[in-house]
Structures are given as structure tokens and as C-alpha cells.
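Working notes for the structure below.
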Amino acid sequence: MRRIFLATAIVLLGIFSGAVQAGAEAEHIALRKLKDDLTQAVSKRDFDAAQKVLHQPFMATVVTQESFTDLAYLKSYFDGLFTRSTLRIKDLSITPEADELSQIYTGTFALTKGATTEHYQMDDGRNFDLKGRWTAVSVKEDDGSWKLLAFHSGVNFLDNPVLDAIEKSVIWVGLVGAGVGLLFGFLGGWLLKRRQLQAH
């Protein structure tokens with residue numbers, strides 16, 4: 001009898017463990033789909049699609065460290081990147097990768113972190129690839145779907161291609177300024193010497 005009981009317990013434990021693992025895998029698949037859907041929505045600037053995967057309310061801090069809790073303001077921010085007079089963006093694509101599986105707490109909250117590569121094609125023809133880090137908090141809705149609750153992204157401000165471009169611009173401005181200074185110095189000296197010769 002004891003053997004039958006132990007065998008039954010082992011079988012039931014195996015079934016339960018398998019069900020738990022299958023359930024956890026289903027949650028991770030849903031969270032990966034959430035990431036992919038949001039990535040596609042941002043890259044395509046499809047804010048109707050973004051609204052479907054954002055929890056209400058939500059909070060998002062973008063790479064420029066501006067924070068948004070309203071989708072209309074977030075859309076206005078992105079539209080401005082493509083229409084402003086300086087540093088206007090022509091195209092944008094984002095490739096986020098999670099470091100590991102999301103950490104799911106109480107079955108309703110998920111914490112995910114990872115790295116991202118953001119490709120910016122500027123209207124003036126320049127291209128920048130920014131590598132950054134991101135953290136996301138997702139929440140499980142009453143209908144079982146996962147929605148993004150909070151998101152934060154950032155880049156290394158000491159080491160990125162935009163900073164490199166600024167440094168190169170500063171160097172070129174410095175060289176041009178030095179060249180102009182030398183030219184004016186030469187002309188000034190030449191004029192002064194000419195006046196001295198005319199005075200004699």
C-alpha cells in the first residue's frame with residue numbers, strides 16, 4: 001500500500017511540476033511577444049498598436065531621459081524627432097534583447113532588463129547606432145494578457161557615437177578658428193608693415 005501511495009505521489013508531483021513549467025513557459029512566450037509588439041510599434045511609429053500593449057496608466061522614460069505618462073504626449077515627442085529643424089531624424093529602428101528570462105513576481109508582475117541597439121538615420125545623411133540599457137516592468141491584466149507598466153532606457157553618455165560626432169565638430173571648429181585667426185594675423189601684420197613702409 002505504501003509503495004502504491006508513493007508511486008501515486010511521485011506521478012502527481014511530476015504532473016504538477018510539468019504543468020507549472022508549461023505555465024511559466026507560456027508566460028515567458030507572452031512577455032517576449034509583448035516586447036516584440038512594442039518594438040515593432042515604436043520602430044513603425046504606430047501608436048495605435050502601442051496603445052494596445054501599454055497598461056493604463058503607464059510610465060516611460062526614453063533615451064533622452066524625458067518621461068511620459070500620456071500616450072498623446074509620447075506621440076508628440078516622437079513626431080517632433082522627425083519634424084524639427086535641427087538634428088531631424090529620417091528613420092529609427094530599435095533592437096532590444098533581454099539579458100535573461102523575465103523575473104515574474106506573484107504571477108502578476110514581471111521585471112525584465114536587457115541591452116538595446118537604436119539605429120538613427122538622420123535627415124542630413126548621418127547614421128548613428130546607440131547602444132544602451134533598458135528595464136521594463138509588465139503587469140498581467142485581468143484577462144490574462146501582459147501589458148507594459150513602466151519602461152526606462154539610457155545610454156552611456158561618456159561613450160556613444162553622438163558624443164564622438166560632437167567632439168569631431170568641436171575639433172573642426174577649433175581648426176577652422178585657428179586657421180582664420182592665423183589668416184587675420186598674417187593680413188594684419190602685412191597691412192601694418194605696409195603702412196610703416198609708406199610712412200618712410
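Naming works like this for the C-alpha cells: A, B, ... for the chains as they're shown, residue 1 at the start of each chain, ligands 1 onward in shown order.
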Item checked: Residues within 9 Å of region 148-153 of chain A, only C-alpha atoms, excluding chain neighbours under 2 positions, as a PyMOL selection string -> chain A and resi 34-35+38+53-65+67+116+132-140+146+155
Note to self: Which of region 42-163 of chain A end up as helix (DSSP H, G or I) when DSSP is run on this backbone - answer as a list in words?
What the structure shows: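 Helix (DSSP H, G or I) assignments inside region 42-163 of chain A correspond to Val42, Ser43, Phe47, Asp48, Ala49, Ala50, Gln51, Lys52, Val53, Leu71, Ala72, Tyr73, Leu74, Lys75, Ser76, Tyr77, Phe78, Asp79, Gly80, Leu81, Phe82, Thr83, Pro161, Val162 and Leu163 of chain A.
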Note to self: Which residue is closest to Lys33 (chain A)? Choose from A:Ser145, A:Thr106, A:Asn156, A:Thr86 and count only C-alpha atoms.
What the structure shows: A:Ser145
Item checked: Within 12 Å of region 88-101 of chain A using only C-alpha atoms, minus same-chain residues under 2 positions, as a ChimeraX atom specification -> /A:24-25,27-32,34-45,63,78-86,103-104,110-136,153
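Closest approach to Phe47 (chain A) from the set A:Phe109, A:Lys75, A:Gly154, A:Ser102 is made by A:Lys75, with distances taken over only C-alpha atoms.
When CA of Leu71 (chain A) is paired with CA of Thr108 (chain A), their separation reads 23.1 Å.
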